[in-house]
file data-v5.tsv (TSV, C-alpha atoms)
chain	number	residue	atom	x	y	z
A	1	MET	CA	0.00	0.00	0.00
A	2	GLY	CA	2.86	2.28	0.90
A	3	LEU	CA	4.55	1.53	-2.43
A	4	LYS	CA	1.38	2.45	-4.33
A	5	VAL	CA	1.09	5.77	-2.49
A	6	ASP	CA	4.77	6.52	-3.21
A	7	GLN	CA	4.27	5.74	-6.89
A	8	TYR	CA	1.18	7.96	-6.97
A	9	ARG	CA	3.10	10.83	-5.36
A	10	LYS	CA	5.99	10.35	-7.81
A	11	ASN	CA	3.59	10.45	-10.78
A	12	ALA	CA	1.89	13.54	-9.38
A	13	THR	CA	5.26	15.29	-8.99
A	14	GLN	CA	6.25	14.39	-12.56
A	15	GLU	CA	2.92	15.69	-13.85
A	16	LYS	CA	3.36	18.94	-11.97
A	17	GLU	CA	6.86	19.39	-13.42
A	18	LEU	CA	5.63	18.74	-16.96
A	19	VAL	CA	2.72	21.16	-16.63
A	20	THR	CA	5.00	23.85	-15.18
A	21	ARG	CA	7.45	23.39	-18.04
A	22	VAL	CA	4.69	23.76	-20.63
A	23	LEU	CA	3.31	26.86	-18.96
A	24	THR	CA	6.77	28.48	-18.91
A	25	GLY	CA	7.18	27.97	-22.64
A	26	ASP	CA	8.67	24.49	-23.08
A	27	ARG	CA	6.47	23.15	-25.87
A	28	TYR	CA	8.35	19.85	-25.98
A	29	ALA	CA	7.13	19.07	-22.49
A	30	PHE	CA	3.66	18.97	-24.01
A	31	ALA	CA	4.84	16.25	-26.41
A	32	GLU	CA	5.71	14.21	-23.31
A	33	ILE	CA	2.25	14.82	-21.91
A	34	ILE	CA	0.75	13.60	-25.20
A	35	LYS	CA	2.83	10.41	-25.10
A	36	ASN	CA	1.83	9.77	-21.47
A	37	THR	CA	-1.90	10.19	-22.11
A	38	GLU	CA	-2.22	8.91	-25.68
A	39	ARG	CA	-3.32	5.44	-24.56
A	40	LEU	CA	-6.33	6.71	-22.65
A	41	VAL	CA	-7.29	9.16	-25.41
A	42	ALA	CA	-7.09	6.33	-27.95
A	43	LEU	CA	-9.28	4.07	-25.78
A	44	ILE	CA	-11.99	6.69	-25.59
A	45	VAL	CA	-11.86	8.08	-29.14
A	46	LEU	CA	-11.67	4.70	-30.88
A	47	LYS	CA	-14.56	3.30	-28.88
A	48	MET	CA	-16.82	6.35	-28.98
A	49	ILE	CA	-16.27	7.23	-32.64
A	50	ALA	CA	-16.69	4.51	-35.22
A	51	ASN	CA	-15.75	6.68	-38.20
A	52	ARG	CA	-11.94	6.44	-38.64
A	53	ALA	CA	-11.89	9.61	-40.69
A	54	ASP	CA	-12.90	11.60	-37.60
A	55	HIS	CA	-10.22	10.21	-35.27
A	56	LYS	CA	-7.35	12.52	-36.27
A	57	ASP	CA	-9.45	15.67	-36.05
A	58	LEU	CA	-10.83	14.69	-32.66
A	59	VAL	CA	-7.46	13.77	-31.16
A	60	GLN	CA	-5.97	17.03	-32.42
A	61	ASP	CA	-8.93	18.99	-31.10
A	62	VAL	CA	-8.64	17.32	-27.68
A	63	TYR	CA	-4.96	18.07	-27.23
A	64	LEU	CA	-5.20	21.62	-28.54
A	65	ARG	CA	-7.97	22.26	-26.02
A	66	ALA	CA	-5.87	20.69	-23.28
A	67	TYR	CA	-2.90	22.90	-24.24
A	68	ASP	CA	-5.11	25.97	-24.27
A	69	LYS	CA	-6.65	25.21	-20.87
A	70	LEU	CA	-3.58	23.75	-19.16
A	71	GLY	CA	-3.25	26.85	-17.01
A	72	THR	CA	-6.63	26.07	-15.43
A	73	PHE	CA	-5.70	22.52	-14.37
A	74	GLN	CA	-5.64	22.45	-10.58
A	75	PHE	CA	-4.18	18.98	-9.92
A	76	LYS	CA	-7.37	17.82	-8.20
A	77	SER	CA	-7.20	14.67	-10.34
A	78	LYS	CA	-4.55	12.94	-12.42
A	79	LEU	CA	-3.56	14.82	-15.56
A	80	SER	CA	-4.53	11.79	-17.64
A	81	THR	CA	-7.99	11.75	-16.05
A	82	TRP	CA	-8.43	15.45	-16.84
A	83	ILE	CA	-7.43	14.90	-20.46
A	84	GLY	CA	-9.67	11.82	-20.54
A	85	GLN	CA	-12.54	14.02	-19.45
A	86	ILE	CA	-11.85	16.49	-22.25
A	87	THR	CA	-11.69	13.57	-24.69
A	88	TYR	CA	-14.95	12.00	-23.54
A	89	HIS	CA	-16.88	15.24	-23.73
A	90	ALA	CA	-15.38	16.12	-27.12
A	91	CYS	CA	-16.52	12.73	-28.44
A	92	LEU	CA	-19.94	13.14	-26.87
A	93	HIS	CA	-20.34	16.55	-28.45
A	94	HIS	CA	-19.26	15.11	-31.80
A	95	LEU	CA	-21.80	12.27	-31.52
A	96	GLU	CA	-24.59	14.54	-30.37
A	97	LYS	CA	-24.04	16.84	-33.31
A	98	LYS	CA	-24.33	13.93	-35.70
A	99	ARG	CA	-27.32	12.46	-33.92
A	100	LEU	CA	-29.19	15.75	-34.10
A	101	LEU	CA	-28.58	15.81	-37.79
A	102	LEU	CA	-29.31	12.17	-38.55
A	103	VAL	CA	-31.51	10.60	-35.89
A	104	GLU	CA	-34.59	11.86	-34.10
A	105	ASP	CA	-34.44	11.23	-30.35
A	106	THR	CA	-37.11	8.74	-29.30
A	107	PHE	CA	-35.78	7.66	-25.95
A	108	ASN	CA	-36.02	9.88	-22.86
A	109	ASP	CA	-33.10	9.65	-20.51
A	110	HIS	CA	-32.49	11.89	-17.53
A	111	GLU	CA	-28.77	12.04	-18.42
A	112	SER	CA	-28.98	14.86	-20.94
A	113	GLY	CA	-27.06	14.34	-24.11
A	114	LEU	CA	-27.14	10.57	-23.98
A	115	SER	CA	-30.72	9.93	-25.01
A	116	GLY	CA	-30.16	8.68	-28.55
A	117	LEU	CA	-26.94	6.91	-27.76
A	118	ILE	CA	-28.22	4.10	-25.55
A	119	GLN	CA	-31.70	3.40	-26.92
A	120	LEU	CA	-30.52	0.36	-28.85
A	121	SER	CA	-29.53	-1.39	-25.64
A	122	ASP	CA	-33.08	-2.07	-24.45
A	123	GLN	CA	-34.37	-4.05	-27.40
A	124	LEU	CA	-32.83	-7.47	-26.79
A	125	THR	CA	-34.27	-10.87	-25.88
A	126	ASP	CA	-34.81	-12.59	-22.55
A	127	PRO	CA	-31.60	-14.35	-21.49
A	128	PHE	CA	-33.57	-17.31	-20.12
A	129	SER	CA	-34.76	-18.54	-23.52
A	130	LYS	CA	-34.45	-22.32	-23.78
A	131	GLU	CA	-31.66	-22.85	-26.23
A	132	SER	CA	-29.60	-19.80	-25.50
A	133	GLU	CA	-28.03	-20.45	-22.13
A	134	SER	CA	-24.62	-21.49	-23.41
A	135	LEU	CA	-22.07	-19.67	-25.50
A	136	LEU	CA	-20.13	-20.66	-28.54
A	137	VAL	CA	-16.83	-22.24	-27.66
A	138	GLY	CA	-14.59	-22.03	-30.65
A	139	LYS	CA	-11.43	-20.78	-32.17
A	140	GLU	CA	-12.73	-17.38	-33.24
A	141	LEU	CA	-14.13	-16.23	-29.93
A	142	LYS	CA	-12.00	-13.07	-29.90
A	143	HIS	CA	-13.30	-12.10	-33.31
A	144	ILE	CA	-16.86	-12.79	-32.21
A	145	MET	CA	-16.32	-10.76	-29.06
A	146	GLN	CA	-14.85	-7.78	-30.97
A	147	ASP	CA	-17.77	-7.87	-33.35
A	148	ALA	CA	-20.26	-8.02	-30.46
A	149	VAL	CA	-18.57	-5.17	-28.58
A	150	SER	CA	-18.66	-3.01	-31.70
A	151	GLN	CA	-22.43	-3.40	-31.79
A	152	LEU	CA	-22.88	-1.85	-28.38
A	153	PRO	CA	-23.72	1.86	-28.11
A	154	PRO	CA	-20.59	4.05	-27.95
A	155	VAL	CA	-20.89	4.98	-24.28
A	156	TYR	CA	-21.25	1.32	-23.28
A	157	GLN	CA	-18.25	0.31	-25.39
A	158	THR	CA	-16.17	3.05	-23.84
A	159	LEU	CA	-17.08	2.24	-20.25
A	160	LEU	CA	-16.48	-1.47	-20.80
A	161	THR	CA	-13.09	-0.81	-22.38
A	162	LEU	CA	-12.07	1.58	-19.63
A	163	TYR	CA	-13.10	-0.99	-17.03
A	164	GLN	CA	-11.16	-3.74	-18.81
A	165	SER	CA	-8.09	-1.48	-18.95
A	166	GLY	CA	-8.08	-1.39	-15.16
A	167	MET	CA	-9.65	2.00	-14.57
A	168	SER	CA	-11.46	2.46	-11.26
A	169	ASN	CA	-15.11	3.49	-11.00
A	170	GLU	CA	-13.98	6.76	-9.44
A	171	GLU	CA	-11.85	7.65	-12.44
A	172	MET	CA	-14.65	6.72	-14.84
A	173	VAL	CA	-16.97	9.00	-12.87
A	174	GLN	CA	-14.44	11.86	-13.21
A	175	ILE	CA	-13.98	11.30	-16.94
A	176	THR	CA	-17.66	10.97	-17.83
A	177	SER	CA	-19.06	13.37	-15.20
A	178	LEU	CA	-21.81	10.79	-14.63
A	179	PRO	CA	-22.95	9.79	-11.13
A	180	GLU	CA	-21.32	6.62	-9.82
A	181	GLY	CA	-24.65	4.81	-9.80
A	182	THR	CA	-25.12	5.60	-13.47
A	183	VAL	CA	-21.66	4.36	-14.39
A	184	LYS	CA	-22.31	1.08	-12.56
A	185	SER	CA	-25.72	0.80	-14.17
A	186	TYR	CA	-24.30	1.38	-17.66
A	187	LEU	CA	-21.56	-1.19	-17.06
A	188	PHE	CA	-24.15	-3.70	-15.95
A	189	ARG	CA	-26.30	-3.04	-19.01
A	190	ALA	CA	-23.28	-3.14	-21.32
A	191	ARG	CA	-22.25	-6.60	-20.05
A	192	LYS	CA	-25.82	-7.84	-20.18
A	193	ASN	CA	-26.30	-6.61	-23.73
A	194	LEU	CA	-22.97	-8.06	-24.79
A	195	LYS	CA	-24.01	-11.45	-23.53
A	196	GLU	CA	-27.39	-11.19	-25.23
A	197	ILE	CA	-25.83	-10.16	-28.55
A	198	ILE	CA	-23.63	-13.23	-28.46
A	199	LEU	CA	-26.37	-15.58	-27.25
A	200	SER	CA	-28.83	-14.34	-29.82
A	201	LYS	CA	-26.42	-15.09	-32.64
A	202	TYR	CA	-24.53	-18.19	-31.66
A	203	GLN	CA	-25.16	-21.56	-30.06
A	204	LYS	CA	-22.79	-23.97	-28.38
A	205	GLU	CA	-20.70	-26.14	-30.67
A	206	ASP	CA	-20.69	-29.77	-29.83
A	207	LEU	CA	-17.13	-30.63	-28.88
B	1	MET	CA	-29.30	-22.17	1.07
B	2	ASN	CA	-30.97	-19.61	-1.15
B	3	SER	CA	-33.16	-21.52	-3.63
B	4	GLU	CA	-34.13	-18.51	-5.73
B	5	HIS	CA	-32.10	-17.94	-8.85
B	6	LEU	CA	-29.62	-15.10	-8.71
B	7	SER	CA	-30.46	-11.82	-10.43
B	8	GLU	CA	-28.52	-10.76	-13.49
B	9	ALA	CA	-26.52	-8.27	-11.41
B	10	GLU	CA	-25.64	-10.94	-8.85
B	11	ILE	CA	-24.53	-13.31	-11.61
B	12	GLN	CA	-22.27	-10.61	-13.04
B	13	ASN	CA	-20.83	-9.82	-9.62
B	14	TYR	CA	-20.15	-13.49	-9.05
B	15	ALA	CA	-18.33	-13.78	-12.37
B	16	LEU	CA	-16.34	-10.65	-11.46
B	17	GLY	CA	-15.39	-12.19	-8.13
B	18	THR	CA	-17.36	-9.81	-5.92
B	19	ALA	CA	-20.20	-12.08	-4.80
B	20	GLY	CA	-21.10	-12.98	-1.22
B	21	PRO	CA	-20.91	-16.50	0.31
B	22	ASP	CA	-24.67	-17.12	-0.02
B	23	GLN	CA	-24.51	-16.55	-3.74
B	24	ALA	CA	-21.48	-18.80	-4.07
B	25	GLU	CA	-23.32	-21.58	-2.28
B	26	HIS	CA	-26.32	-21.25	-4.61
B	27	VAL	CA	-24.21	-21.21	-7.77
B	28	ASP	CA	-22.43	-24.36	-6.68
B	29	SER	CA	-25.73	-26.16	-6.41
B	30	CYS	CA	-27.79	-24.63	-9.25
B	31	LEU	CA	-27.02	-25.73	-12.81
B	32	ILE	CA	-28.84	-22.80	-14.42
B	33	CYS	CA	-27.08	-20.12	-12.40
B	34	HIS	CA	-23.79	-21.98	-12.80
B	35	SER	CA	-24.25	-21.92	-16.56
B	36	ARG	CA	-25.06	-18.21	-16.50
B	37	VAL	CA	-21.94	-17.51	-14.44
B	38	THR	CA	-19.86	-19.58	-16.87
B	39	ASN	CA	-21.14	-17.48	-19.78
B	40	TYR	CA	-20.11	-14.25	-18.12
B	41	SER	CA	-16.78	-15.65	-16.98
B	42	LEU	CA	-16.02	-16.66	-20.56
B	43	ILE	CA	-17.02	-13.23	-21.86
B	44	PHE	CA	-14.82	-11.47	-19.30
B	45	SER	CA	-11.82	-13.71	-19.95
B	46	VAL	CA	-12.05	-13.19	-23.72
B	47	MET	CA	-12.46	-9.44	-23.24
B	48	ASP	CA	-9.28	-9.41	-21.17
B	49	GLU	CA	-7.44	-10.86	-24.15
B	50	LEU	CA	-8.75	-8.42	-26.72
B	51	PRO	CA	-6.06	-6.06	-28.01
B	52	GLU	CA	-6.29	-2.50	-26.77
B	53	PRO	CA	-7.32	0.01	-29.42
B	54	VAL	CA	-4.36	2.12	-30.57
B	55	LEU	CA	-4.15	5.14	-32.81
B	56	ASP	CA	-2.82	4.48	-36.31
B	57	PHE	CA	-1.02	7.83	-36.43
B	58	ASP	CA	1.53	9.71	-34.31
B	59	ALA	CA	-0.56	11.96	-32.06
B	60	ALA	CA	2.43	13.96	-30.78
B	61	GLU	CA	3.63	14.76	-34.30
B	62	LEU	CA	0.11	15.72	-35.39
B	63	VAL	CA	-0.54	17.99	-32.42
B	64	MET	CA	2.91	19.62	-32.08
B	65	SER	CA	2.75	20.90	-35.66
B	66	HIS	CA	-0.48	22.72	-34.79
B	67	LEU	CA	0.52	24.22	-31.45
B	68	PRO	CA	0.63	28.02	-31.47
B	69	GLN	CA	4.17	29.32	-32.00
B	70	PRO	CA	5.76	31.12	-29.05
B	71	THR	CA	6.19	34.89	-29.56
B	72	ALA	CA	9.84	35.84	-30.11
B	73	VAL	CA	11.54	38.24	-27.75
B	74	ARG	CA	11.49	41.70	-29.24
B	75	GLY	CA	14.98	42.98	-28.89
B	76	PRO	CA	16.13	46.42	-29.97
B	77	GLY	CA	15.85	45.30	-33.63
B	78	GLU	CA	17.82	46.67	-36.55
B	79	ARG	CA	17.13	50.26	-35.61
B	80	GLY	CA	18.16	49.60	-32.04
B	81	VAL	CA	21.41	48.00	-33.12
B	82	TYR	CA	22.38	51.03	-35.17
B	83	LEU	CA	21.38	53.33	-32.34
B	84	ILE	CA	23.70	51.45	-30.02
B	85	ALA	CA	26.43	51.64	-32.63
B	86	CYS	CA	25.94	55.39	-32.95
B	87	LEU	CA	26.07	55.75	-29.19
B	88	VAL	CA	29.35	53.87	-29.06
B	89	LEU	CA	30.74	56.00	-31.83
B	90	THR	CA	29.69	59.13	-30.00
B	91	LEU	CA	31.29	57.97	-26.78
B	92	LEU	CA	34.50	57.21	-28.61
B	93	GLY	CA	34.32	60.14	-30.99
B	94	VAL	CA	33.78	62.93	-28.45
B	95	PRO	CA	37.01	62.32	-26.49
B	96	VAL	CA	38.90	62.01	-29.77
B	97	TYR	CA	37.49	65.31	-30.99
B	98	LEU	CA	38.21	67.08	-27.73
B	99	ASN	CA	41.78	65.79	-27.61
B	100	ILE	CA	42.51	65.96	-31.29
B	101	ASP	CA	45.54	68.21	-30.84
B	102	ASP	CA	47.22	65.82	-28.42
B	103	LEU	CA	46.42	62.91	-30.67
B	104	LEU	CA	47.82	64.72	-33.66
B	105	LYS	CA	50.99	65.43	-31.78
B	106	MET	CA	51.24	61.72	-30.96
B	107	THR	CA	50.74	60.84	-34.59
B	108	SER	CA	52.70	63.72	-36.02
B	109	GLY	CA	54.84	61.35	-38.05
B	110	LEU	CA	51.85	60.02	-39.86
B	111	ARG	CA	50.19	61.66	-42.82
B	112	PRO	CA	46.60	62.79	-42.18
B	113	VAL	CA	45.16	60.63	-44.90
B	114	THR	CA	46.81	57.53	-43.40
B	115	LEU	CA	45.47	58.44	-40.03
B	116	TYR	CA	42.03	58.96	-41.50
B	117	LEU	CA	42.04	55.57	-43.24
B	118	VAL	CA	43.23	53.73	-40.15
B	119	GLY	CA	40.60	55.43	-38.04
B	120	LEU	CA	37.82	54.79	-40.53
B	121	THR	CA	38.73	51.12	-40.92
B	122	THR	CA	38.79	50.71	-37.16
B	123	LEU	CA	35.37	52.31	-36.85
B	124	VAL	CA	33.81	50.19	-39.60
B	125	VAL	CA	35.15	46.97	-38.08
B	126	LEU	CA	33.90	48.05	-34.67
B	127	ILE	CA	30.39	48.79	-35.99
B	128	PHE	CA	30.27	45.46	-37.80
B	129	GLN	CA	31.36	43.52	-34.70
B	130	VAL	CA	28.79	45.22	-32.46
B	131	THR	CA	25.95	44.68	-34.95
B	132	GLU	CA	26.81	41.04	-35.49
B	133	SER	CA	27.12	40.34	-31.76
B	134	CYS	CA	23.66	41.82	-31.12
B	135	ARG	CA	22.11	39.74	-33.89
B	136	GLN	CA	23.68	36.50	-32.62
B	137	HIS	CA	22.57	37.27	-29.09
B	138	LEU	CA	18.95	37.84	-30.13
B	139	LYS	CA	18.96	34.68	-32.24
B	140	LYS	CA	20.14	32.58	-29.29
B	141	ILE	CA	17.57	34.11	-26.94
B	142	ASN	CA	14.73	33.33	-29.38
B	143	ALA	CA	16.01	29.79	-29.91
B	144	LEU	CA	16.09	29.22	-26.14
B	145	ILE	CA	12.51	30.38	-25.82
B	146	ALA	CA	11.45	28.07	-28.66
B	147	GLY	CA	13.13	25.21	-26.79
B	148	ASP	CA	15.40	24.30	-29.68
B	149	MET	CA	18.63	24.67	-27.79
B	150	GLN	CA	19.94	22.17	-25.30
B	151	LEU	CA	21.57	23.76	-22.27
call {"tool": "encode", "arguments": {"input": "data-v5.tsv", "output": "structure tokens"}}
result
Amino acid sequence: MGLKVDQYRKNATQEKELVTRVLTGDRYAFAEIIKNTERLVALIVLKMIANRADHKDLVQDVYLRAYDKLGTFQFKSKLSTWIGQITYHACLHHLEKKRLLLVEDTFNDHESGLSGLIQLSDQLTDPFSKESESLLVGKELKHIMQDAVSQLPPVYQTLLTLYQSGMSNEEMVQITSLPEGTVKSYLFRARKNLKEIILSKYQKEDL
Amino acid sequence: MNSEHLSEAEIQNYALGTAGPDQAEHVDSCLICHSRVTNYSLIFSVMDELPEPVLDFDAAELVMSHLPQPTAVRGPGERGVYLIACLVLTLLGVPVYLNIDDLLKMTSGLRPVTLYLVGLTTLVVLIFQVTESCRQHLKKINALIAGDMQL
């Protein structure tokens, strides 16, 4: 436990040094910040935004915003979490713009901005159907899983991926600005829908 | 023993390893719930093996080329350099002018035109050196600010 706290303090000190260097004019310190946070930004952008053509613009937009607002960062969270928050909201804004143009909202959700993005999740079959209680066991399970994950709504995909990457609920709450109960609820629904997507398509192979 | 089947949330928690002992006891004895747990466990284990999504471009290179350029230090500029040169000339020239007789006595063996040429050459070289030094100094300051120089 002591080692983890020491590592956390060391990371926090390094982040503070990098931010100070950027704010005093060392642009190359910002390149270090990009390299340190690129993984998280990639996780969020690639899961929220299916269109590859939009990825470069979004990543650039995220980091330029972070550079512009770096002076307002108060070290109340990790730098990566703060940049993750900018990324998530940039992606959300991008999706909402497209949804307003393309899809009429038909699903009321008290989390504003997410209404059209999760409506697909509630239209799946009962998991207790007779022949669907077992999963396919085969060589291409990873491919099947990737395909199933890609069918989930963007927010569900993102939360699942962040969870699988080892992120805590607290960090996910900070990034998404959603209440903890909502994050847990979305994770539950994401896993449930993932299972139902797979069960609805495949049956167990006889070994 | 709890004979009621576990809820979907409880099944997930069990597969994630966060279930209570009552739930564990039920799963061990109920084929349906055991099967449901197995499904989730398989999903979670396969998800753990999925490759992490990575960007197919260099984010640092993309972003750094679009960062706003730092503003260069505004030194005295060309005009300022010549002003400094004129000031130096004045500071050197005034004592020379005031003590011209003594200087002429010292250089009495020399012809005036020789003296003039030597003096002029010295002045031109001096002006050139001062101007060039100022330019190099400003260039280094701006490079330091841009972060291009290694200290």
call {"tool": "closest_atom_pairs", "arguments": {"input": "data-v5.tsv", "of": "chain B", "to": "chain A", "cutoff": "8 Å", "atoms": "all atoms listed in the file", "output": "tab-separated table"}}
result
residue	atom	partner	partner_atom	distance
B:Glu8	CA	A:Lys192	CA	7.8
B:Ala9	CA	A:Phe188	CA	6.9
B:Gln12	CA	A:Phe188	CA	7.7
B:Ser35	CA	A:Ser134	CA	6.9
B:Arg36	CA	A:Glu133	CA	6.7
B:Asn39	CA	A:Leu135	CA	6.2
B:Tyr40	CA	A:Lys195	CA	7.2
B:Ile43	CA	A:Lys195	CA	7.4
B:Val46	CA	A:Lys142	CA	6.2
B:Met47	CA	A:Met145	CA	7.1
B:Asp48	CA	A:Gln164	CA	6.4
B:Glu49	CA	A:Lys142	CA	7.7
B:Leu50	CA	A:Lys142	CA	6.5
B:Glu52	CA	A:Leu43	CA	7.3
B:Pro53	CA	A:Leu43	CA	5.8
B:Val54	CA	A:Ala42	CA	5.7
B:Leu55	CA	A:Ala42	CA	5.8
B:Phe57	CA	A:Lys56	CA	7.9
B:Ala59	CA	A:Ile34	CA	7.2
B:Ala60	CA	A:Ala31	CA	5.5
B:Leu62	CA	A:Gln60	CA	6.9
B:Val63	CA	A:Gln60	CA	5.5
B:Met64	CA	A:Ala31	CA	6.9
B:His66	CA	A:Leu64	CA	7.9
B:Leu67	CA	A:Leu64	CA	6.9
B:Pro70	CA	A:Gly25	CA	7.3
B:Ile145	CA	A:Gly25	CA	6.7
B:Ala146	CA	A:Asp26	CA	7.2
B:Gly147	CA	A:Asp26	CA	5.8
call {"tool": "atom_distance", "arguments": {"input": "data-v5.tsv", "atom1": "atom CA of A:Pro154", "atom2": "atom CA of B:Val37"}}
result
25.5 Å
call {"tool": "residues_around", "arguments": {"input": "data-v5.tsv", "residues": "A:Gly84", "least_positions_apart": "4", "cutoff": "9 Å", "atoms": "all atoms listed in the file", "output": "tab-separated table (two decimals) with C-alpha atoms, in the coordinates of the input"}}
result
chain	number	residue	atom	x	y	z
A	37	THR	CA	-1.90	10.19	-22.11
A	40	LEU	CA	-6.33	6.71	-22.65
A	41	VAL	CA	-7.29	9.16	-25.41
A	44	ILE	CA	-11.99	6.69	-25.59
A	79	LEU	CA	-3.56	14.82	-15.56
A	80	SER	CA	-4.53	11.79	-17.64
A	88	TYR	CA	-14.95	12.00	-23.54
A	89	HIS	CA	-16.88	15.24	-23.73
A	174	GLN	CA	-14.44	11.86	-13.21
A	175	ILE	CA	-13.98	11.30	-16.94
A	176	THR	CA	-17.66	10.97	-17.83
call {"tool": "atom_distance", "arguments": {"input": "data-v5.tsv", "atom1": "atom CA of A:Leu23", "atom2": "atom CA of B:Lys139"}}
result
22.0 Å
call {"tool": "atom_distance", "arguments": {"input": "data-v5.tsv", "atom1": "atom CA of B:Val113", "atom2": "atom CA of B:Ile127"}}
result
20.9 Å
